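Structure below is run-v2.cif: mmCIF, C-alpha atoms.
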data_target
loop_
_atom_site.label_atom_id
_atom_site.label_comp_id
_atom_site.auth_asym_id
_atom_site.auth_seq_id
_atom_site.Cartn_x
_atom_site.Cartn_y
_atom_site.Cartn_z
CA MET P 1 80.31 23.51 -38.82
CA LYS P 2 79.11 27.07 -39.24
CA GLU P 3 78.51 26.50 -42.96
CA LEU P 4 76.72 23.23 -42.21
CA GLY P 5 74.39 25.12 -39.88
CA ILE P 6 73.62 27.60 -42.65
CA TYR P 7 72.86 24.80 -45.11
CA LEU P 8 70.53 23.19 -42.56
CA LYS P 9 68.70 26.50 -42.18
CA LEU P 10 68.32 26.67 -45.97
CA VAL P 11 66.90 23.15 -45.99
CA THR P 12 64.48 24.09 -43.22
CA ALA P 13 63.38 27.18 -45.13
CA SER P 14 62.85 25.07 -48.26
CA ILE P 15 60.68 22.59 -46.36
CA LYS P 16 58.62 25.38 -44.76
CA SER P 17 58.03 27.03 -48.13
CA ARG P 18 56.72 23.77 -49.57
CA MET P 19 54.57 22.99 -46.55
CA GLU P 20 52.96 26.43 -46.83
CA TYR P 21 50.65 24.97 -49.47
CA ARG P 22 49.73 21.77 -47.65
CA ALA P 23 46.91 20.77 -49.98
CA SER P 24 49.28 20.86 -52.93
CA PHE P 25 51.87 18.90 -50.93
CA PHE P 26 49.49 16.08 -50.03
CA VAL P 27 48.04 15.96 -53.55
CA PHE P 28 51.57 15.47 -54.87
CA ILE P 29 52.20 12.70 -52.31
CA PHE P 30 48.98 10.99 -53.40
CA THR P 31 49.95 11.31 -57.06
CA LEU P 32 53.41 9.92 -56.34
CA VAL P 33 52.05 6.91 -54.47
CA ALA P 34 49.47 6.29 -57.20
CA TYR P 35 52.17 6.47 -59.88
CA TYR P 36 54.44 3.91 -58.22
CA THR P 37 51.49 1.69 -57.33
CA ALA P 38 50.46 1.71 -61.00
CA GLN P 39 53.99 0.72 -61.99
CA LEU P 40 54.01 -2.16 -59.54
CA LEU P 41 50.58 -3.32 -60.67
CA ALA P 42 51.66 -3.24 -64.32
CA ILE P 43 54.72 -5.35 -63.52
CA GLY P 44 52.55 -7.68 -61.42
CA VAL P 45 50.07 -8.18 -64.24
CA ILE P 46 52.88 -9.06 -66.65
CA ILE P 47 54.42 -11.54 -64.20
CA TYR P 48 50.99 -13.05 -63.45
CA ARG P 49 50.46 -13.58 -67.16
CA PHE P 50 53.93 -14.82 -68.10
CA LYS P 51 55.18 -16.04 -64.66
CA LYS P 52 58.64 -14.54 -65.25
CA ILE P 53 60.20 -11.61 -67.11
CA GLY P 54 63.48 -12.52 -68.74
CA GLY P 55 63.94 -15.29 -66.18
CA TRP P 56 63.24 -13.01 -63.20
CA GLY P 57 60.44 -13.99 -60.83
CA THR P 58 58.16 -11.83 -58.67
CA GLY P 59 60.49 -11.48 -55.69
CA GLU P 60 63.50 -10.80 -57.91
CA MET P 61 61.60 -8.11 -59.82
CA ALA P 62 60.51 -6.51 -56.55
CA PHE P 63 64.12 -6.48 -55.34
CA LEU P 64 65.24 -4.93 -58.64
CA TYR P 65 62.57 -2.28 -58.24
CA SER P 66 63.45 -1.55 -54.61
CA LEU P 67 67.09 -0.78 -55.48
CA LEU P 68 65.90 1.80 -58.00
CA ILE P 69 63.34 3.45 -55.72
CA LEU P 70 65.67 3.66 -52.71
CA SER P 71 68.42 5.38 -54.72
CA ASN P 72 65.90 7.61 -56.43
CA GLY P 73 64.38 8.58 -53.09
CA ILE P 74 67.69 9.89 -51.77
CA VAL P 75 68.31 11.84 -54.97
CA SER P 76 64.77 13.22 -55.05
CA CYS P 77 65.25 14.60 -51.53
CA PHE P 78 68.58 16.33 -52.08
CA PHE P 79 68.97 17.04 -55.79
CA SER P 80 65.54 18.18 -57.00
CA GLY P 81 66.67 21.81 -57.00
CA LEU P 82 68.91 21.05 -59.98
CA LEU P 83 65.80 20.50 -62.08
CA ASP P 84 65.11 24.25 -61.78
CA MET P 85 68.52 25.34 -63.07
CA ALA P 86 67.08 26.57 -66.37
CA ASN P 87 64.86 29.02 -64.45
CA PHE P 88 67.73 30.14 -62.21
CA VAL P 89 69.91 30.89 -65.25
CA ARG P 90 67.19 32.43 -67.42
CA GLU P 91 65.81 34.71 -64.71
CA GLY P 92 69.16 35.55 -63.13
CA GLY P 93 68.33 33.80 -59.85
CA TYR P 94 71.68 32.02 -59.90
CA ASP P 95 73.41 35.37 -59.31
CA ARG P 96 72.36 35.43 -55.67
CA PHE P 97 73.99 32.04 -55.11
CA LEU P 98 77.27 33.43 -56.44
CA ILE P 99 77.42 36.47 -54.19
CA ARG P 100 77.07 34.44 -50.99
CA PRO P 101 80.20 32.99 -49.32
CA LEU P 102 78.86 29.47 -49.78
CA SER P 103 79.13 26.79 -52.45
CA PRO P 104 76.66 27.74 -55.24
CA LEU P 105 75.98 24.06 -56.00
CA ALA P 106 75.30 23.30 -52.33
CA GLN P 107 72.91 26.26 -52.23
CA VAL P 108 71.00 24.97 -55.26
CA ILE P 109 70.75 21.56 -53.60
CA THR P 110 69.57 22.88 -50.21
CA TYR P 111 67.26 25.45 -51.80
CA GLY P 112 65.48 22.68 -53.68
CA PHE P 113 65.33 20.13 -50.84
CA GLU P 114 62.23 18.05 -51.58
CA LEU P 115 60.45 16.55 -48.59
CA THR P 116 58.30 14.42 -50.88
CA GLY P 117 61.43 12.43 -51.71
CA LEU P 118 60.82 10.69 -48.38
CA ALA P 119 57.77 9.08 -49.99
CA HIS P 120 60.12 7.40 -52.48
CA LEU P 121 62.19 6.06 -49.59
CA VAL P 122 59.13 4.71 -47.76
CA LEU P 123 57.91 2.98 -50.92
CA GLY P 124 61.40 1.64 -51.53
CA ILE P 125 61.61 0.20 -48.01
CA LEU P 126 58.18 -1.40 -48.31
CA THR P 127 59.11 -2.93 -51.67
CA PHE P 128 62.43 -4.13 -50.24
CA VAL P 129 60.67 -5.83 -47.31
CA ALA P 130 58.15 -7.43 -49.66
CA ALA P 131 60.92 -8.65 -51.95
CA ASN P 132 62.81 -10.23 -49.05
CA SER P 133 59.69 -12.13 -48.03
CA LEU P 134 59.58 -13.71 -51.50
CA ILE P 135 63.26 -14.49 -52.03
CA ASN P 136 66.03 -15.96 -49.92
CA ILE P 137 68.95 -13.56 -49.51
CA GLN P 138 71.47 -14.47 -46.84
CA TRP P 139 71.99 -11.15 -45.06
CA ASN P 140 75.14 -10.73 -42.99
CA LEU P 141 77.63 -7.97 -42.26
CA VAL P 142 79.29 -8.24 -45.69
CA THR P 143 76.08 -8.27 -47.73
CA SER P 144 74.65 -5.45 -45.60
CA ILE P 145 77.70 -3.26 -46.30
CA GLN P 146 77.50 -4.16 -49.99
CA PHE P 147 73.83 -3.18 -50.01
CA VAL P 148 74.57 0.23 -48.44
CA LEU P 149 77.35 0.84 -50.97
CA VAL P 150 75.02 -0.10 -53.82
CA ILE P 151 72.36 2.38 -52.66
CA LEU P 152 74.99 5.10 -52.22
CA GLY P 153 76.53 4.29 -55.61
CA GLY P 154 73.15 4.28 -57.32
CA SER P 155 72.32 7.61 -55.68
CA MET P 156 75.59 9.10 -56.93
CA ILE P 157 74.84 7.91 -60.47
CA LEU P 158 71.39 9.52 -60.46
CA ALA P 159 72.71 12.67 -58.75
CA SER P 160 75.54 12.97 -61.29
CA ILE P 161 73.07 12.87 -64.15
CA ARG P 162 71.11 15.72 -62.56
CA ILE P 163 74.27 17.76 -61.94
CA ILE P 164 75.45 17.35 -65.54
CA ILE P 165 72.04 18.25 -66.96
CA GLY P 166 71.86 21.20 -64.57
CA ALA P 167 75.25 22.35 -65.86
CA VAL P 168 73.93 22.23 -69.42
CA ALA P 169 71.67 25.14 -68.48
CA PHE P 170 74.76 27.35 -68.17
CA PHE P 171 75.42 26.83 -71.87
CA ALA P 172 71.99 26.21 -73.43
CA VAL P 173 69.60 27.67 -70.78
CA ASN P 174 66.74 25.34 -71.80
CA ASN P 175 67.50 21.83 -70.59
CA GLN P 176 63.96 20.56 -70.07
CA SER P 177 64.12 18.01 -72.88
CA LEU P 178 67.25 16.50 -71.33
CA ILE P 179 65.53 16.35 -67.93
CA HIS P 180 62.60 14.42 -69.34
CA LEU P 181 64.85 12.10 -71.31
CA PHE P 182 67.64 11.30 -68.84
CA VAL P 183 66.05 11.97 -65.44
CA PHE P 184 62.56 10.54 -65.91
CA SER P 185 62.17 8.55 -69.13
CA SER P 186 65.45 6.63 -68.87
CA ARG P 187 64.40 5.20 -65.49
CA GLU P 188 61.61 3.27 -67.20
CA PHE P 189 64.23 0.90 -68.60
CA LEU P 190 65.22 -0.08 -65.05
CA LEU P 191 61.76 -1.40 -64.19
CA TYR P 192 62.68 -4.60 -66.01
CA PRO P 193 65.83 -6.75 -66.20
CA LEU P 194 68.26 -5.48 -68.81
CA ASN P 195 68.54 -8.85 -70.54
CA ILE P 196 65.12 -8.40 -72.17
CA TYR P 197 66.49 -5.53 -74.27
CA SER P 198 68.64 -5.57 -77.38
CA ASN P 199 72.45 -5.54 -77.17
CA GLY P 200 72.44 -1.92 -78.32
CA VAL P 201 70.21 -0.84 -75.42
CA LYS P 202 72.28 -2.88 -72.94
CA PHE P 203 75.46 -1.23 -74.22
CA LEU P 204 73.88 2.24 -73.98
CA LEU P 205 72.66 1.74 -70.41
CA THR P 206 75.99 0.25 -69.33
CA PHE P 207 78.66 2.38 -71.00
CA ILE P 208 77.00 5.61 -72.22
CA VAL P 209 74.34 6.36 -69.58
CA PRO P 210 75.37 3.76 -66.98
CA ILE P 211 72.12 3.56 -65.04
CA ALA P 212 72.15 -0.25 -65.30
CA PHE P 213 74.60 -0.18 -62.38
CA ILE P 214 71.85 1.21 -60.16
CA ASN P 215 69.94 -2.05 -59.90
CA TYR P 216 70.49 -4.60 -62.68
CA TYR P 217 74.14 -5.51 -62.08
CA PRO P 218 74.13 -5.36 -58.26
CA ALA P 219 70.91 -7.40 -58.16
CA HIS P 220 72.88 -10.28 -59.69
CA LEU P 221 75.21 -10.14 -56.71
CA PHE P 222 72.51 -10.43 -54.06
CA LEU P 223 70.25 -12.81 -55.96
CA LYS P 224 73.09 -15.08 -57.15
CA LYS P 225 71.85 -14.78 -60.72
CA ASP P 226 73.66 -16.30 -63.69
CA THR P 227 76.27 -13.82 -64.95
CA SER P 228 77.05 -15.47 -68.29
CA ASN P 229 74.99 -12.87 -70.19
CA LEU P 230 76.75 -9.86 -68.62
CA PHE P 231 79.50 -7.82 -70.27
CA HIS P 232 81.78 -8.71 -67.34
CA GLU P 233 81.33 -10.32 -63.94
CA SER P 234 83.18 -7.47 -62.21
CA PHE P 235 80.20 -5.20 -62.98
CA LEU P 236 78.41 -6.81 -60.01
CA TYR P 237 80.72 -4.84 -57.73
CA ALA P 238 81.05 -1.68 -59.82
CA THR P 239 78.07 0.40 -58.67
CA PHE P 240 79.90 2.45 -56.05
CA PRO P 241 83.09 3.02 -58.14
CA VAL P 242 81.00 4.01 -61.18
CA GLY P 243 78.91 6.36 -59.03
CA LEU P 244 81.98 7.99 -57.51
CA PHE P 245 83.63 8.40 -60.92
CA LEU P 246 80.49 9.96 -62.41
CA LEU P 247 80.14 12.30 -59.45
CA LEU P 248 83.68 13.60 -59.97
CA VAL P 249 83.01 14.03 -63.70
CA SER P 250 79.74 15.86 -63.00
CA LEU P 251 81.43 18.25 -60.57
CA TYR P 252 84.05 19.03 -63.21
CA VAL P 253 81.34 19.68 -65.81
CA TRP P 254 79.50 21.87 -63.29
CA LYS P 255 82.63 23.94 -62.67
CA LYS P 256 83.17 24.43 -66.41
CA GLY P 257 79.55 25.45 -66.81
CA GLN P 258 79.71 27.89 -63.93
CA ASP P 259 82.90 29.43 -65.36
CA ALA P 260 81.02 30.04 -68.61
CA TYR P 261 77.96 31.50 -66.86
CA GLU P 262 76.83 35.02 -67.66
CA SER P 263 74.07 36.60 -65.62
CA ALA P 264 70.72 37.35 -67.22
CA GLY P 265 71.74 40.98 -67.44
CA GLY P 266 75.19 40.20 -68.89
#
How does the structure come out when it is put into structure tokens?
Amino acid sequence: MKELGIYLKLVTASIKSRMEYRASFFVFIFTLVAYYTAQLLAIGVIIYRFKKIGGWGTGEMAFLYSLLILSNGIVSCFFSGLLDMANFVREGGYDRFLIRPLSPLAQVITYGFELTGLAHLVLGILTFVAANSLINIQWNLVTSIQFVLVILGGSMILASIRIIIGAVAFFAVNNQSLIHLFVFSSREFLLYPLNIYSNGVKFLLTFIVPIAFINYYPAHLFLKKDTSNLFHESFLYATFPVGLFLLLVSLYVWKKGQDAYESAGG
């Protein structure tokens, strides 16, 4: 409990430091909202023109999108600090995390707590509500628990990717290209149903960088979509197990990277 209190103080300090420049904070919020609004408008224009995308209608696309944004919102809040790992390693800032009697990874996470991630969550909730007004999902205790597990599993998948890429900085220092590729660019594939892509892309996003489990596969479960084009029907329930497995792998990679770390002055 004492350590938890320390981590909460670090989170509070991180929030205060970001709110110190309020104009910059609100400009970023505006940019974030504009970015996601543009994405939704682009998807809307395509659906308006073609009625469906790969057999997915407006409400189904909105639900697909909401699963992505909700998971991404959680990760943006708690794991944004990992995007600065290259700077911590290059400038020796990671050394101060090592000399404290706290988990270095937890310190990186709390140090980089991003309040703007709440904007992702708000947008995700709004999109989820809109989607449910357009489609008929029978919500009950079972489906509600499944939904929570899907969001948690999707969050673990996205968080694991950030942890692994952060660990790369221990070996290569510069990991910015990987951040742009796997943290930001790869998410663009999830804006649309996976069945519109080639088999090679579907295989890549399922077995190599398994981000398809964030929204595409679980969406089939809630929307009762046809599963004949999937690699396996069990993938509908695999989001949380895949997320947990990736998280354990990422923590192992992080430990190996930290063991290989040499300070900037080393």
Is there a way to get, as a PDB file with C-alpha atoms, in the coordinates of the input, all residues within 9 Å of the point (71.8, -3.3, -57.2) in file coordinates, counting only C-alpha atoms?
ATOM      1  CA  PHE P  63      64.120  -6.480 -55.340  1.00  0.00           C
ATOM      2  CA  LEU P  64      65.240  -4.930 -58.640  1.00  0.00           C
ATOM      3  CA  SER P  66      63.450  -1.550 -54.610  1.00  0.00           C
ATOM      4  CA  LEU P  67      67.090  -0.780 -55.480  1.00  0.00           C
ATOM      5  CA  LEU P  68      65.900   1.800 -58.000  1.00  0.00           C
ATOM      6  CA  PHE P 147      73.830  -3.180 -50.010  1.00  0.00           C
ATOM      7  CA  VAL P 150      75.020  -0.100 -53.820  1.00  0.00           C
ATOM      8  CA  ILE P 151      72.360   2.380 -52.660  1.00  0.00           C
ATOM      9  CA  GLY P 154      73.150   4.280 -57.320  1.00  0.00           C
ATOM     10  CA  ALA P 212      72.150  -0.250 -65.300  1.00  0.00           C
ATOM     11  CA  PHE P 213      74.600  -0.180 -62.380  1.00  0.00           C
ATOM     12  CA  ILE P 214      71.850   1.210 -60.160  1.00  0.00           C
ATOM     13  CA  ASN P 215      69.940  -2.050 -59.900  1.00  0.00           C
ATOM     14  CA  TYR P 216      70.490  -4.600 -62.680  1.00  0.00           C
ATOM     15  CA  TYR P 217      74.140  -5.510 -62.080  1.00  0.00           C
ATOM     16  CA  PRO P 218      74.130  -5.360 -58.260  1.00  0.00           C
ATOM     17  CA  ALA P 219      70.910  -7.400 -58.160  1.00  0.00           C
ATOM     18  CA  HIS P 220      72.880 -10.280 -59.690  1.00  0.00           C
ATOM     19  CA  LEU P 221      75.210 -10.140 -56.710  1.00  0.00           C
ATOM     20  CA  PHE P 222      72.510 -10.430 -54.060  1.00  0.00           C
ATOM     21  CA  LEU P 236      78.410  -6.810 -60.010  1.00  0.00           C
ATOM     22  CA  THR P 239      78.070   0.400 -58.670  1.00  0.00           C
TER      23      THR P 239
END
Write out as JSON lines a residue-level contact list of range 96-191 of chain P versus range 71-86 of chain P with cut-off 8 Å: for each qualifying residue the closest pair of atoms and the distance in Å to one decimal, counting only C-alpha atoms, rows sorted by chain and residue number upward.
{"residue": "P:Val108", "atom": "CA", "partner": "P:Gly81", "partner_atom": "CA", "distance": 5.6}
{"residue": "P:Ile109", "atom": "CA", "partner": "P:Gly81", "partner_atom": "CA", "distance": 5.3}
{"residue": "P:Thr110", "atom": "CA", "partner": "P:Phe78", "partner_atom": "CA", "distance": 6.9}
{"residue": "P:Tyr111", "atom": "CA", "partner": "P:Gly81", "partner_atom": "CA", "distance": 6.4}
{"residue": "P:Gly112", "atom": "CA", "partner": "P:Gly81", "partner_atom": "CA", "distance": 3.6}
{"residue": "P:Phe113", "atom": "CA", "partner": "P:Phe78", "partner_atom": "CA", "distance": 5.2}
{"residue": "P:Glu114", "atom": "CA", "partner": "P:Cys77", "partner_atom": "CA", "distance": 4.6}
{"residue": "P:Leu115", "atom": "CA", "partner": "P:Cys77", "partner_atom": "CA", "distance": 6.0}
{"residue": "P:Thr116", "atom": "CA", "partner": "P:Cys77", "partner_atom": "CA", "distance": 7.0}
{"residue": "P:Gly117", "atom": "CA", "partner": "P:Cys77", "partner_atom": "CA", "distance": 4.4}
{"residue": "P:Leu118", "atom": "CA", "partner": "P:Gly73", "partner_atom": "CA", "distance": 6.3}
{"residue": "P:Ala119", "atom": "CA", "partner": "P:Gly73", "partner_atom": "CA", "distance": 7.3}
{"residue": "P:His120", "atom": "CA", "partner": "P:Gly73", "partner_atom": "CA", "distance": 4.5}
{"residue": "P:Leu121", "atom": "CA", "partner": "P:Gly73", "partner_atom": "CA", "distance": 4.8}
{"residue": "P:Gly124", "atom": "CA", "partner": "P:Gly73", "partner_atom": "CA", "distance": 7.7}
{"residue": "P:Ile151", "atom": "CA", "partner": "P:Ser71", "partner_atom": "CA", "distance": 5.4}
{"residue": "P:Leu152", "atom": "CA", "partner": "P:Ser71", "partner_atom": "CA", "distance": 7.0}
{"residue": "P:Gly154", "atom": "CA", "partner": "P:Ser71", "partner_atom": "CA", "distance": 5.5}
{"residue": "P:Ser155", "atom": "CA", "partner": "P:Ser71", "partner_atom": "CA", "distance": 4.6}
{"residue": "P:Leu158", "atom": "CA", "partner": "P:Val75", "partner_atom": "CA", "distance": 6.7}
{"residue": "P:Ala159", "atom": "CA", "partner": "P:Val75", "partner_atom": "CA", "distance": 5.9}
{"residue": "P:Arg162", "atom": "CA", "partner": "P:Leu82", "partner_atom": "CA", "distance": 6.3}
{"residue": "P:Ile163", "atom": "CA", "partner": "P:Leu82", "partner_atom": "CA", "distance": 6.6}
{"residue": "P:Gly166", "atom": "CA", "partner": "P:Leu82", "partner_atom": "CA", "distance": 5.5}
{"residue": "P:Ala167", "atom": "CA", "partner": "P:Met85", "partner_atom": "CA", "distance": 7.9}
{"residue": "P:Ala169", "atom": "CA", "partner": "P:Ala86", "partner_atom": "CA", "distance": 5.3}
{"residue": "P:Phe170", "atom": "CA", "partner": "P:Ala86", "partner_atom": "CA", "distance": 7.9}
{"residue": "P:Val173", "atom": "CA", "partner": "P:Ala86", "partner_atom": "CA", "distance": 5.2}
{"residue": "P:Asn174", "atom": "CA", "partner": "P:Ala86", "partner_atom": "CA", "distance": 5.6}
{"residue": "P:Asn175", "atom": "CA", "partner": "P:Ala86", "partner_atom": "CA", "distance": 6.4}
{"residue": "P:Gln176", "atom": "CA", "partner": "P:Ala86", "partner_atom": "CA", "distance": 7.7}
{"residue": "P:Ile179", "atom": "CA", "partner": "P:Leu83", "partner_atom": "CA", "distance": 7.2}
Tell me, as a compact mmCIF listing (two decimals) with C-alpha atoms, keeping the file's coordinate frame, which residues lie within 10 Å of range 129-133 of chain P, counting only C-alpha atoms; anything in the same chain fewer than 4 positions away does not count.
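Result written to out-v6.txt:
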# COMPACT_ATOMS: atom_id res chain seq x y z
CA THR P 58 58.16 -11.83 -58.67
CA GLY P 59 60.49 -11.48 -55.69
CA GLU P 60 63.50 -10.80 -57.91
CA MET P 61 61.60 -8.11 -59.82
CA ALA P 62 60.51 -6.51 -56.55
CA PHE P 63 64.12 -6.48 -55.34
CA LEU P 64 65.24 -4.93 -58.64
CA TYR P 65 62.57 -2.28 -58.24
CA SER P 66 63.45 -1.55 -54.61
CA LEU P 123 57.91 2.98 -50.92
CA GLY P 124 61.40 1.64 -51.53
CA ILE P 125 61.61 0.20 -48.01
CA ILE P 137 68.95 -13.56 -49.51
CA GLN P 138 71.47 -14.47 -46.84
**Request:** Mind giving me the straight-line distance from CA of Ala260 in chain P to CA of Phe184 in chain P in Å, one decimal?
**Result:**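 These two atoms are separated by 27.0 Å.
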**Prompt:** What do you get, as a PyMOL selection string, if you spell out every residue that the PyMOL selection byres ((chain P and resi 209) around 12) selects here?
**Reply:** chain P and resi 157-158+160-161+164+181-183+186-187+189+201-208+210-214+242-243+246
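Interatomic distance, CA of Asn195 in chain P to CA of Ile145 in chain P: 26.5 Å.
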**Prompt:** Residues picked by the PyMOL selection byres ((chain P and resi 90-102) around 9) here, as a ChimeraX atom specification?
**Reply:** /P:3,7,85-89,103-108,169,173-174,262-265
